[in-house]
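Okay, model25.csv now, which holds CSV, C-alpha atoms:
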```csv
chain,number,residue,atom,x,y,z
A,1,MET,CA,9.4,4.8,-6.5
A,2,ILE,CA,6.2,4.9,-8.8
A,3,ASP,CA,5.2,8.4,-9.5
A,4,LYS,CA,2.3,9.5,-11.7
A,5,ARG,CA,4.3,9.4,-15.0
A,6,ILE,CA,5.5,5.8,-14.5
A,7,TYR,CA,2.0,4.7,-13.5
A,8,ILE,CA,0.5,6.3,-16.6
A,9,TRP,CA,3.1,4.8,-19.0
A,10,GLN,CA,2.7,1.4,-17.5
A,11,ARG,CA,-1.1,1.4,-17.7
A,12,LEU,CA,-1.1,2.8,-21.2
A,13,SER,CA,1.4,0.2,-22.4
A,14,ALA,CA,-0.7,-2.5,-20.8
A,15,LEU,CA,-3.8,-1.1,-22.6
A,16,VAL,CA,-1.9,-1.4,-25.9
A,17,MET,CA,-0.7,-4.9,-25.1
A,18,ILE,CA,-4.2,-6.4,-24.3
A,19,PRO,CA,-5.4,-6.7,-27.9
A,20,LEU,CA,-1.9,-7.5,-29.2
A,21,VAL,CA,-1.4,-10.4,-26.8
A,22,ILE,CA,-4.7,-11.8,-27.7
A,23,GLY,CA,-3.8,-11.4,-31.4
A,24,HIS,CA,-0.4,-12.9,-30.9
A,25,LEU,CA,-1.8,-16.0,-29.1
A,26,ALA,CA,-4.4,-16.5,-31.8
A,27,VAL,CA,-1.6,-16.3,-34.5
A,28,MET,CA,0.5,-18.8,-32.6
A,29,ILE,CA,-2.3,-21.3,-32.2
A,30,TYR,CA,-3.3,-20.8,-35.8
A,31,ALA,CA,0.3,-21.3,-37.0
A,32,ILE,CA,0.7,-24.5,-35.0
A,33,LYS,CA,-2.7,-26.0,-35.5
A,34,GLY,CA,-2.8,-25.2,-39.1
A,35,GLY,CA,0.7,-26.8,-39.5
A,36,LEU,CA,2.3,-23.8,-41.3
A,37,SER,CA,5.9,-24.3,-42.3
A,38,VAL,CA,8.6,-21.6,-41.7
A,39,ALA,CA,8.5,-20.7,-45.3
A,40,GLU,CA,4.7,-20.3,-45.2
A,41,ILE,CA,4.9,-18.1,-42.2
A,42,LEU,CA,7.7,-15.9,-43.7
A,43,GLY,CA,5.6,-15.8,-46.9
A,44,ARG,CA,2.9,-14.0,-45.0
A,45,THR,CA,5.2,-11.7,-43.0
A,46,GLN,CA,7.7,-10.7,-45.7
A,47,ASP,CA,7.1,-7.1,-46.8
A,48,SER,CA,3.8,-7.0,-44.9
A,49,ILE,CA,3.2,-3.5,-43.4
A,50,VAL,CA,0.3,-4.9,-41.3
A,51,TRP,CA,2.5,-7.5,-39.5
A,52,LEU,CA,5.2,-4.9,-39.2
A,53,LEU,CA,2.8,-2.5,-37.4
A,54,PHE,CA,1.3,-5.3,-35.3
A,55,TYR,CA,4.5,-6.6,-34.0
A,56,GLY,CA,6.2,-3.2,-34.0
A,57,SER,CA,3.7,-1.8,-31.6
A,58,PHE,CA,3.8,-5.0,-29.6
A,59,VAL,CA,7.6,-4.7,-29.2
A,60,LEU,CA,7.3,-1.0,-28.2
A,61,ALA,CA,4.6,-1.7,-25.6
A,62,VAL,CA,6.5,-4.7,-24.2
A,63,SER,CA,9.7,-2.7,-23.9
A,64,VAL,CA,8.1,0.1,-22.0
A,65,HIS,CA,5.9,-2.1,-19.8
A,66,ALA,CA,8.4,-4.8,-18.9
A,67,ALA,CA,11.2,-2.2,-18.3
A,68,LEU,CA,9.2,-0.1,-16.0
A,69,GLY,CA,7.7,-3.1,-14.1
A,70,LEU,CA,11.1,-4.8,-13.6
A,71,GLY,CA,12.6,-1.4,-12.5
A,72,VAL,CA,9.9,-1.0,-9.9
A,73,ILE,CA,10.2,-4.6,-8.6
A,74,SER,CA,14.0,-4.2,-8.4
A,75,ALA,CA,13.7,-1.0,-6.5
A,76,GLU,CA,11.3,-2.6,-4.0
A,77,TRP,CA,12.9,-6.1,-3.6
A,78,LEU,CA,16.6,-5.3,-4.1
A,79,SER,CA,16.3,-1.9,-2.4
A,80,LEU,CA,17.8,-0.1,-5.4
A,81,LYS,CA,18.0,3.7,-5.3
A,82,PRO,CA,15.4,5.3,-7.7
A,83,ARG,CA,18.2,6.5,-10.0
A,84,MET,CA,19.7,3.0,-10.2
A,85,ALA,CA,16.3,1.5,-10.8
A,86,ALA,CA,15.7,4.1,-13.6
A,87,TYR,CA,19.0,3.1,-15.3
A,88,LEU,CA,18.1,-0.6,-14.9
A,89,SER,CA,14.7,0.1,-16.5
A,90,LEU,CA,16.4,2.0,-19.4
A,91,ALA,CA,18.8,-0.9,-20.0
A,92,ILE,CA,16.1,-3.6,-19.9
A,93,GLY,CA,13.9,-1.4,-22.2
A,94,LEU,CA,16.8,-1.0,-24.7
A,95,VAL,CA,17.7,-4.7,-24.7
A,96,LEU,CA,14.0,-5.7,-25.3
A,97,LEU,CA,13.6,-3.1,-28.0
A,98,ALA,CA,16.8,-4.2,-29.8
A,99,MET,CA,15.9,-7.9,-29.6
A,100,GLY,CA,12.3,-7.3,-30.7
A,101,SER,CA,13.3,-4.9,-33.5
A,102,HIS,CA,15.9,-7.4,-34.8
A,103,ALA,CA,13.2,-10.2,-34.8
A,104,ILE,CA,10.7,-8.0,-36.7
A,105,TRP,CA,13.3,-6.9,-39.2
A,106,ALA,CA,14.2,-10.5,-39.8
A,107,VAL,CA,10.7,-11.7,-40.5
A,108,THR,CA,9.7,-8.6,-42.5
A,109,PHE,CA,12.6,-7.4,-44.6
A,110,ALA,CA,15.5,-9.9,-44.4
A,111,THR,CA,15.9,-12.3,-47.2
A,112,PRO,CA,15.6,-16.0,-46.0
B,1,MET,CA,-7.5,-37.3,42.8
B,2,SER,CA,-8.2,-33.6,42.9
B,3,THR,CA,-11.5,-32.3,44.3
B,4,PRO,CA,-13.7,-29.8,42.3
B,5,GLU,CA,-12.6,-27.0,44.8
B,6,GLU,CA,-8.9,-27.6,44.0
B,7,LYS,CA,-9.6,-27.5,40.3
B,8,GLN,CA,-11.3,-24.1,40.7
B,9,THR,CA,-8.3,-22.6,42.5
B,10,GLU,CA,-6.0,-23.4,39.5
B,11,PRO,CA,-6.6,-20.6,37.0
B,12,ASP,CA,-5.5,-21.0,33.4
B,13,MET,CA,-2.2,-19.3,33.0
B,14,LEU,CA,-1.3,-17.6,29.7
B,15,GLU,CA,2.2,-17.7,28.4
B,16,VAL,CA,2.9,-14.2,27.2
B,17,SER,CA,6.0,-13.5,25.1
B,18,ILE,CA,6.8,-9.8,25.0
B,19,HIS,CA,9.3,-8.1,22.8
B,20,ARG,CA,11.5,-5.9,24.9
B,21,GLY,CA,14.1,-3.4,23.7
B,22,GLY,CA,14.4,-0.2,21.9
B,23,ASP,CA,16.3,2.9,22.9
B,24,GLY,CA,19.4,1.5,21.3
B,25,LYS,CA,19.1,-1.9,23.0
B,26,PRO,CA,18.6,-5.0,20.8
B,27,SER,CA,15.2,-6.6,21.0
B,28,THR,CA,14.7,-9.6,23.2
B,29,ILE,CA,11.7,-11.7,24.0
B,30,GLN,CA,10.7,-12.0,27.6
B,31,LEU,CA,8.2,-14.6,28.9
B,32,TYR,CA,5.6,-13.8,31.5
B,33,HIS,CA,2.8,-15.9,33.0
B,34,VAL,CA,-0.5,-14.1,33.4
B,35,PRO,CA,-3.7,-15.6,34.9
B,36,ARG,CA,-6.4,-15.9,32.2
B,37,GLN,CA,-9.7,-14.3,33.0
B,38,ASP,CA,-13.1,-13.8,31.4
B,39,ASN,CA,-13.5,-10.9,29.0
B,40,GLN,CA,-9.7,-10.2,29.1
B,41,THR,CA,-8.2,-8.0,26.5
B,42,VAL,CA,-4.7,-7.9,25.2
B,43,LEU,CA,-4.2,-4.5,26.8
B,44,ASP,CA,-5.4,-6.1,30.1
B,45,ILE,CA,-2.6,-8.6,29.8
B,46,VAL,CA,0.0,-6.0,29.2
B,47,SER,CA,-1.3,-3.9,32.1
B,48,HIS,CA,-1.3,-6.9,34.4
B,49,ILE,CA,2.4,-7.5,33.6
B,50,GLN,CA,3.3,-3.9,34.2
B,51,HIS,CA,1.2,-3.6,37.4
B,52,TYR,CA,2.0,-6.9,39.1
B,53,ILE,CA,5.0,-8.6,37.5
B,54,ASP,CA,7.4,-6.1,35.8
B,55,PRO,CA,7.0,-2.4,36.3
B,56,THR,CA,9.8,-1.7,33.8
B,57,LEU,CA,7.6,-2.7,30.9
B,58,SER,CA,6.7,0.3,28.7
B,59,TYR,CA,3.6,0.5,26.6
B,60,ARG,CA,1.2,3.2,25.5
B,61,PHE,CA,-2.6,3.5,26.0
B,62,ALA,CA,-5.1,6.2,26.9
B,63,CYS,CA,-8.8,5.7,26.5
B,64,ARG,CA,-9.2,1.8,26.7
B,65,VAL,CA,-12.4,2.0,24.6
B,66,GLY,CA,-11.2,2.1,21.0
B,67,MET,CA,-11.4,5.9,20.6
B,68,CYS,CA,-7.9,7.3,20.9
B,69,GLY,CA,-5.8,4.9,18.7
B,70,SER,CA,-2.9,4.8,21.2
B,71,CYS,CA,-2.6,1.1,22.1
B,72,ALA,CA,-2.0,-0.6,18.8
B,73,MET,CA,0.5,-3.5,18.9
B,74,MET,CA,1.5,-6.6,17.0
B,75,VAL,CA,-0.4,-9.5,18.5
B,76,ASN,CA,0.8,-12.9,17.2
B,77,ASN,CA,2.4,-11.0,14.3
B,78,GLU,CA,-0.8,-9.1,13.4
B,79,PRO,CA,-1.4,-5.4,14.1
B,80,ARG,CA,-4.4,-4.9,16.4
B,81,TRP,CA,-5.9,-2.3,18.7
B,82,THR,CA,-5.2,-4.1,22.0
B,83,CYS,CA,-7.9,-2.5,24.1
B,84,ARG,CA,-10.7,-4.0,21.9
B,85,THR,CA,-9.0,-7.3,21.2
B,86,HIS,CA,-10.3,-10.0,23.4
B,87,ILE,CA,-7.7,-12.7,24.0
B,88,ASP,CA,-10.2,-15.4,23.1
B,89,ARG,CA,-9.9,-14.2,19.5
B,90,VAL,CA,-6.1,-14.4,19.4
B,91,VAL,CA,-4.7,-16.8,21.9
B,92,GLU,CA,-3.4,-20.1,20.7
B,93,ASN,CA,-2.7,-23.0,23.1
B,94,ASN,CA,-2.7,-20.4,25.9
B,95,LYS,CA,0.2,-18.6,24.2
B,96,ILE,CA,0.3,-15.1,22.9
B,97,GLU,CA,3.1,-13.0,21.5
B,98,ILE,CA,3.1,-9.2,21.7
B,99,ALA,CA,5.5,-6.8,19.9
B,100,PRO,CA,5.6,-3.2,19.0
B,101,LEU,CA,3.9,-2.0,15.8
B,102,ARG,CA,5.7,-3.0,12.6
B,103,ASN,CA,7.2,-0.5,10.2
B,104,LEU,CA,8.0,2.1,12.9
B,105,PRO,CA,11.1,2.7,15.1
B,106,VAL,CA,10.8,1.6,18.7
B,107,VAL,CA,11.1,4.0,21.6
B,108,LYS,CA,11.1,1.3,24.2
B,109,ASP,CA,9.5,-2.2,24.5
B,110,LEU,CA,5.9,-1.9,23.1
B,111,VAL,CA,6.1,1.9,22.5
B,112,PRO,CA,6.6,2.7,18.8
B,113,ASP,CA,7.9,6.1,17.6
B,114,LEU,CA,4.9,7.5,15.7
B,115,ASP,CA,6.8,10.5,14.3
B,116,PRO,CA,7.4,9.0,10.8
B,117,PHE,CA,3.7,8.1,10.6
B,118,PHE,CA,2.5,11.6,11.4
B,119,ASP,CA,5.3,13.3,9.4
B,120,LYS,CA,3.8,11.5,6.4
B,121,TRP,CA,0.3,12.9,7.1
B,122,THR,CA,1.9,16.4,6.8
B,123,LYS,CA,3.9,15.3,3.7
B,124,ALA,CA,0.7,14.1,2.0
B,125,GLU,CA,-0.9,17.5,2.8
B,126,ALA,CA,-3.4,15.5,4.7
B,127,ARG,CA,-4.4,18.5,6.8
B,128,HIS,CA,-7.2,21.0,6.5
B,129,HIS,CA,-6.5,24.0,4.3
B,130,PRO,CA,-9.0,26.6,5.4
B,131,SER,CA,-11.4,28.1,2.9
B,132,ALA,CA,-13.1,30.6,5.2
B,133,THR,CA,-12.6,32.5,8.4
B,134,ARG,CA,-14.8,32.4,11.5
B,135,HIS,CA,-16.3,35.8,10.4
B,136,GLN,CA,-17.7,34.4,7.2
B,137,PRO,CA,-21.0,32.6,7.0
B,138,MET,CA,-20.9,28.9,7.8
B,139,HIS,CA,-20.6,26.6,4.8
B,140,LEU,CA,-23.8,24.6,4.2
B,141,GLN,CA,-23.0,21.0,3.5
B,142,SER,CA,-25.5,18.5,2.3
B,143,PRO,CA,-24.6,14.9,3.4
B,144,ASP,CA,-26.0,13.5,0.2
B,145,THR,CA,-23.6,14.8,-2.4
B,146,PRO,CA,-21.3,12.0,-3.9
B,147,GLU,CA,-18.2,14.0,-2.8
B,148,ARG,CA,-19.4,14.2,0.8
B,149,LYS,CA,-20.3,10.5,0.8
B,150,ARG,CA,-16.8,9.7,-0.3
B,151,ALA,CA,-15.3,12.0,2.4
B,152,ASP,CA,-17.6,10.5,5.1
B,153,ALA,CA,-16.7,6.9,4.2
B,154,ASN,CA,-13.3,7.1,5.8
B,155,ILE,CA,-13.6,10.0,8.2
B,156,GLU,CA,-13.6,7.9,11.3
B,157,CYS,CA,-9.9,7.1,11.2
B,158,ILE,CA,-8.5,7.2,14.7
B,159,ASN,CA,-4.8,7.4,13.6
B,160,CYS,CA,-3.9,4.1,15.3
B,161,ALA,CA,-1.3,3.2,12.7
B,162,VAL,CA,-2.6,-0.4,12.4
B,163,CYS,CA,-2.9,0.0,8.6
B,164,TYR,CA,0.6,1.5,8.4
B,165,ALA,CA,2.0,-1.5,10.3
B,166,ALA,CA,0.0,-3.9,8.1
B,167,CYS,CA,1.2,-2.4,4.8
B,168,ASP,CA,3.9,-4.5,3.1
B,169,THR,CA,4.6,-1.6,0.6
B,170,VAL,CA,5.7,0.5,3.6
B,171,THR,CA,8.0,-2.3,4.7
B,172,LYS,CA,9.6,-2.5,1.3
B,173,GLN,CA,9.6,1.3,0.6
B,174,PRO,CA,10.0,3.2,3.9
B,175,ASP,CA,9.3,6.5,2.2
B,176,TYR,CA,5.9,5.5,0.9
B,177,LEU,CA,3.3,7.8,2.5
B,178,GLY,CA,1.2,4.8,3.6
B,179,PRO,CA,-2.5,4.1,3.8
B,180,ALA,CA,-3.6,6.4,6.6
B,181,ALA,CA,-2.1,9.6,5.2
B,182,LEU,CA,-3.4,8.9,1.7
B,183,GLN,CA,-6.8,8.0,3.0
B,184,ARG,CA,-7.0,11.3,4.8
B,185,ALA,CA,-5.8,13.1,1.7
B,186,TRP,CA,-8.6,11.5,-0.3
B,187,THR,CA,-11.1,12.6,2.4
B,188,LEU,CA,-9.9,16.2,2.1
B,189,LEU,CA,-10.0,16.1,-1.6
B,190,ASN,CA,-13.6,15.3,-1.4
B,191,ASP,CA,-14.3,17.9,1.2
B,192,ALA,CA,-15.9,21.1,-0.2
B,193,LYS,CA,-14.4,23.1,2.6
B,194,ASP,CA,-10.7,22.4,1.7
B,195,ALA,CA,-9.2,25.3,-0.1
B,196,ASP,CA,-5.9,23.9,-1.5
B,197,LYS,CA,-6.7,20.7,-3.4
B,198,GLN,CA,-3.8,21.3,-5.9
B,199,ALA,CA,-1.3,21.0,-3.0
B,200,ILE,CA,-2.9,17.6,-2.1
B,201,TRP,CA,-2.9,16.4,-5.7
B,202,LYS,CA,0.8,17.3,-6.0
B,203,ALA,CA,1.7,15.6,-2.7
B,204,VAL,CA,0.0,12.3,-3.5
B,205,SER,CA,1.3,12.1,-7.1
B,206,GLY,CA,5.0,12.1,-6.3
B,207,SER,CA,7.4,9.1,-6.2
B,208,ASP,CA,6.3,8.3,-2.6
B,209,GLY,CA,2.6,8.7,-3.3
B,210,CYS,CA,-0.5,6.8,-4.0
B,211,HIS,CA,0.7,5.1,-7.2
B,212,ASN,CA,3.0,2.8,-5.2
B,213,CYS,CA,0.1,1.0,-3.6
B,214,HIS,CA,-0.1,-2.6,-4.9
B,215,SER,CA,-3.7,-3.0,-3.6
B,216,ILE,CA,-2.7,-5.9,-1.4
B,217,GLY,CA,-5.5,-4.9,1.0
B,218,SER,CA,-3.9,-5.5,4.4
B,219,CYS,CA,-4.9,-2.0,5.4
B,220,ALA,CA,-8.5,-2.7,4.8
B,221,HIS,CA,-8.3,-6.2,6.3
B,222,TYR,CA,-6.8,-5.0,9.6
B,223,CYS,CA,-8.4,-1.6,10.1
B,224,PRO,CA,-10.1,-1.9,13.5
B,225,ASN,CA,-12.8,0.6,12.4
B,226,GLU,CA,-13.5,-1.4,9.2
B,227,LEU,CA,-12.5,1.5,7.0
B,228,ASN,CA,-11.0,0.8,3.5
B,229,PRO,CA,-7.9,2.9,2.7
B,230,MET,CA,-7.3,0.7,-0.4
B,231,VAL,CA,-10.5,2.1,-1.9
B,232,ALA,CA,-9.5,5.6,-1.0
B,233,ILE,CA,-6.1,5.1,-2.6
B,234,ALA,CA,-7.7,3.6,-5.7
B,235,GLY,CA,-9.8,6.8,-5.9
B,236,LEU,CA,-6.7,8.9,-5.7
B,237,LYS,CA,-5.0,6.9,-8.5
B,238,GLN,CA,-8.1,7.1,-10.7
B,239,GLN,CA,-8.6,10.9,-10.2
B,240,THR,CA,-4.9,11.6,-10.8
B,241,ILE,CA,-5.1,9.9,-14.1
B,242,ARG,CA,-8.4,11.6,-15.0
B,243,GLN,CA,-6.7,14.9,-14.2
B,244,ALA,CA,-3.6,14.2,-16.3
B,245,PHE,CA,-5.8,13.5,-19.3
B,246,SER,CA,-8.4,16.3,-18.7
B,247,LEU,CA,-8.7,18.9,-21.4
B,248,THR,CA,-7.7,21.7,-19.0
B,249,SER,CA,-4.6,19.9,-17.9
B,250,LEU,CA,-3.6,19.1,-21.6
B,251,LEU,CA,-4.2,22.7,-22.6
B,252,GLU,CA,-2.2,24.0,-19.6
B,253,LYS,CA,0.8,21.8,-20.7
B,254,PHE,CA,0.4,23.0,-24.3
B,255,GLU,CA,0.4,26.7,-23.1
B,256,THR,CA,3.4,26.3,-20.9
B,257,LYS,CA,5.4,24.9,-23.8
```
Write out the structure in this file as structure tokens.
Amino acid sequence: MIDKRIYIWQRLSALVMIPLVIGHLAVMIYAIKGGLSVAEILGRTQDSIVWLLFYGSFVLAVSVHAALGLGVISAEWLSLKPRMAAYLSLAIGLVLLAMGSHAIWAVTFATP
Amino acid sequence: MSTPEEKQTEPDMLEVSIHRGGDGKPSTIQLYHVPRQDNQTVLDIVSHIQHYIDPTLSYRFACRVGMCGSCAMMVNNEPRWTCRTHIDRVVENNKIEIAPLRNLPVVKDLVPDLDPFFDKWTKAEARHHPSATRHQPMHLQSPDTPERKRADANIECINCAVCYAACDTVTKQPDYLGPAALQRAWTLLNDAKDADKQAIWKAVSGSDGCHNCHSIGSCAHYCPNELNPMVAIAGLKQQTIRQAFSLTSLLEKFETK
């Protein structure tokens, strides 16, 4: 099921995610410990290109990584044919991308 | 009260459960009682049953000294070379269960059909691709080069299929080439005398190839010769990625477009 291309994409997306996950956890802890309100958080993210790029690349990497991983696990554990697993990967990837993009759009450009 | 003499005449009896079947028949478990002896191997038990209790029992062996790789079976659900497995190491409460190797079709009783196993060696291009004829001078090979050391590390594989039976990835993905074939492919890739490394790279990089390995490590754990196919497969993965991102490879892709 896993050929060289899937393997490379999954490793590359993981590589991108490593610093982003650490950054995301740090931001979460900072926001909670510092007691930031929703308005204060949105005040920092609204129209911020830095946060757009940070979470934009995070969403892209997660969509690729999780979609490929879940596709491979389904192929192995549910005995899906490779083509079915590829469709499942595509569907999972698109859903994650849509949800993530929607969230980023909401905190960056949408008016509260 | 029994005398010491009477005690000596009562040998320990082993309860041996053997999976019988194959050849279209459903698998059943048959129970045999075999006298326990000093220095007895699992193969000795199977041979005792076949010689003295049930001549219809089928099993496979050849050398009896751990050289040929013919006699591997599942012993208490673990793959082992039976000729070198003393029962003291595997028996539990004088009971032992013996079955044909996992992940392979059964010809009959304890005889697995090894065709899929060896077909995958061919599919992985795990065969020598000659680089010279007998009329050319002999290749001079130093044993000290890093490539040769990598090739030598796993060259003692006896094709017993223990690693193949131990591999959970093979169980889940029957098309996966498996540890033994990939390990031999790695050996050949590190062999200066192999002339078609591109064919091997292509064979091990496909959807049934090395990237499917989850590094569970059962192959290395159970290999009777203490080889480590997992390390060989990790080497394949690493090199395929290096190749994909090598300047030559990127230029080739650019030129073909």
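In plain terms, chain B touches chain A through Thr169, Val170, Thr171, Lys172, Gln173, Pro174, Asp175, Tyr176, Lys202, Val204, Ser205, Gly206, Ser207, Asp208, Gly209, Cys210, His211, Asn212, Cys213, Lys237, Thr240, Ile241, Ala244 and Phe245 of chain B, where touching means an atom at most 10 Å away, counting all atoms listed in the file.
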Quiz prompt | Spatial neighbours of range 123-130 of chain B, max dist 9 Å, only C-alpha atoms, sep filter under 5 positions, as number ranges by chain | solution = B: 118, 177, 181-188, 193-197, 199-204, 209
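Across the model, the gap from CA of Thr82 in chain B to CA of Asn159 in chain B is 14.2 Å.
Between CA of Val231 in chain B and CA of Ala153 in chain B the interatomic distance comes to 9.9 Å.
One finds CA of Cys167 in chain B at 25.2 Å from CA of Ala67 in chain A.
Of the residues listed (B:Ala180, B:Cys157, B:Ala62, B:Val106), B:Ala180 shows the shortest atom-to-atom separation from Asp119 in chain B; distances use only C-alpha atoms.
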Quiz item: Taking (14.2, -3.5, -32.0) in the file's coordinates, which residues come within 12 Å, counting all atoms listed in the file, written as a list in words?
Solution: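 Collected hits near the coordinates: Leu52, Tyr55, Gly56, Ser57, Phe58, Val59, Leu60, Ala61, Val62, Ser63, Gly93, Leu94, Val95, Leu96, Leu97, Ala98, Met99, Gly100, Ser101, His102, Ala103, Ile104, Trp105 and Ala106 of chain A.
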Quiz item: Hey, what's within 7 Å of range 28-32 of chain B if we count all atoms listed in the file and toss same-chain stuff fewer than 5 positions away? As a ChimeraX atom specification, please?
Solution: /B:15-21
Practice problem: Counting all atoms listed in the file, find the residues whose atoms lie at most 12 Å from (-2.5, -10.0, 14.5) (file coordinates) and write them out as a PyMOL selection string. | Solution: chain B and resi 42+72-82+85-87+89-92+96-102+162-163+165-166+218+221-224
Exercise. Can you pull out every residue within 7 Å of range 39-49 of chain A, counting all atoms listed in the file, but drop anything in the same chain fewer than 2 positions away, and send it as a list in words?
Key: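 Counting only the stated atoms, we get Leu36, Ser37, Trp51, Leu52, Leu53, Val107, Thr108 and Phe109 of chain A.
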Just C-alpha atoms for this one: save the residues we selected as a tab-separated table (two decimals), in the coordinates of the input.
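Wrote it out as out.tsv, contents follow:
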```
chain	number	residue	atom	x	y	z
A	36	LEU	CA	2.30	-23.80	-41.30
A	37	SER	CA	5.90	-24.30	-42.30
A	51	TRP	CA	2.50	-7.50	-39.50
A	52	LEU	CA	5.20	-4.90	-39.20
A	53	LEU	CA	2.80	-2.50	-37.40
A	107	VAL	CA	10.70	-11.70	-40.50
A	108	THR	CA	9.70	-8.60	-42.50
A	109	PHE	CA	12.60	-7.40	-44.60
```
Self-check item: Spatial neighbours of Phe61 in chain B, 9 Å, only C-alpha atoms, chain gap at least 4 places, as an NGL selection string
Solution: :B and (43 or 68-72 or 82-83)
With C-alpha atoms retained, write the just-selected residues as an mmCIF file, keeping the file's coordinate frame.
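Okay, out-v3.cif is ready:
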```cif
data_model
loop_
_atom_site.group_PDB
_atom_site.id
_atom_site.type_symbol
_atom_site.label_atom_id
_atom_site.label_comp_id
_atom_site.auth_asym_id
_atom_site.auth_seq_id
_atom_site.Cartn_x
_atom_site.Cartn_y
_atom_site.Cartn_z
ATOM 1 C CA LEU B 43 -4.200 -4.500 26.800
ATOM 2 C CA CYS B 68 -7.900 7.300 20.900
ATOM 3 C CA GLY B 69 -5.800 4.900 18.700
ATOM 4 C CA SER B 70 -2.900 4.800 21.200
ATOM 5 C CA CYS B 71 -2.600 1.100 22.100
ATOM 6 C CA ALA B 72 -2.000 -0.600 18.800
ATOM 7 C CA THR B 82 -5.200 -4.100 22.000
ATOM 8 C CA CYS B 83 -7.900 -2.500 24.100
#
```
Exercise. Would you list the contacts of Lys108 in chain B as a PyMOL selection string, taking every protein, DNA or RNA residue within 9 Å and counting all atoms listed in the file, but skipping same-chain residues closer than 2 positions in sequence?
Key: chain B and resi 20-25+57-59+100+106+110-113
Could you put an axis-aligned box around every listed atom of range 72-84 of chain A, padded by 4 Å on each side, and send me its centre and edge lengths in Å to one decimal, as AutoDock Vina command-line options?
```
--center_x 14.8 --center_y 0.2 --center_z -6.3 --size_x 17.8 --size_y 20.6 --size_z 15.8
```
Could range 102-114 of chain B be completed with N, CA and C atoms and written as a compact mmCIF listing (two decimals), keeping the file's coordinate frame, please?
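Below is the file that was written, out_7.txt:
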```
# COMPACT_ATOMS: atom_id res chain seq x y z
N ARG B 102 4.79 -2.82 13.69
CA ARG B 102 5.70 -3.00 12.60
C ARG B 102 5.91 -1.69 11.83
N ASN B 103 6.97 -1.58 11.08
CA ASN B 103 7.20 -0.50 10.20
C ASN B 103 7.51 0.86 10.87
N LEU B 104 7.73 0.82 12.19
CA LEU B 104 8.00 2.10 12.90
C LEU B 104 9.20 1.82 13.86
N PRO B 105 10.02 2.86 14.12
CA PRO B 105 11.10 2.70 15.10
C PRO B 105 10.49 2.45 16.49
N VAL B 106 11.28 1.84 17.35
CA VAL B 106 10.80 1.60 18.70
C VAL B 106 11.41 2.54 19.69
N VAL B 107 10.56 3.16 20.50
CA VAL B 107 11.10 4.00 21.60
C VAL B 107 11.57 3.12 22.70
N LYS B 108 10.69 2.28 23.20
CA LYS B 108 11.10 1.30 24.20
C LYS B 108 9.96 0.22 24.30
N ASP B 109 10.38 -1.03 24.40
CA ASP B 109 9.50 -2.20 24.50
C ASP B 109 8.32 -2.14 23.53
N LEU B 110 7.11 -1.81 24.01
CA LEU B 110 5.90 -1.90 23.10
C LEU B 110 5.51 -0.47 22.64
N VAL B 111 6.39 0.50 22.85
CA VAL B 111 6.10 1.90 22.50
C VAL B 111 6.73 2.22 21.14
N PRO B 112 5.95 2.34 20.05
CA PRO B 112 6.60 2.70 18.80
C PRO B 112 6.72 4.25 18.70
N ASP B 113 7.70 4.67 17.90
CA ASP B 113 7.90 6.10 17.60
C ASP B 113 6.95 6.45 16.45
N LEU B 114 5.90 7.21 16.71
CA LEU B 114 4.90 7.50 15.70
C LEU B 114 5.28 8.72 14.81
```
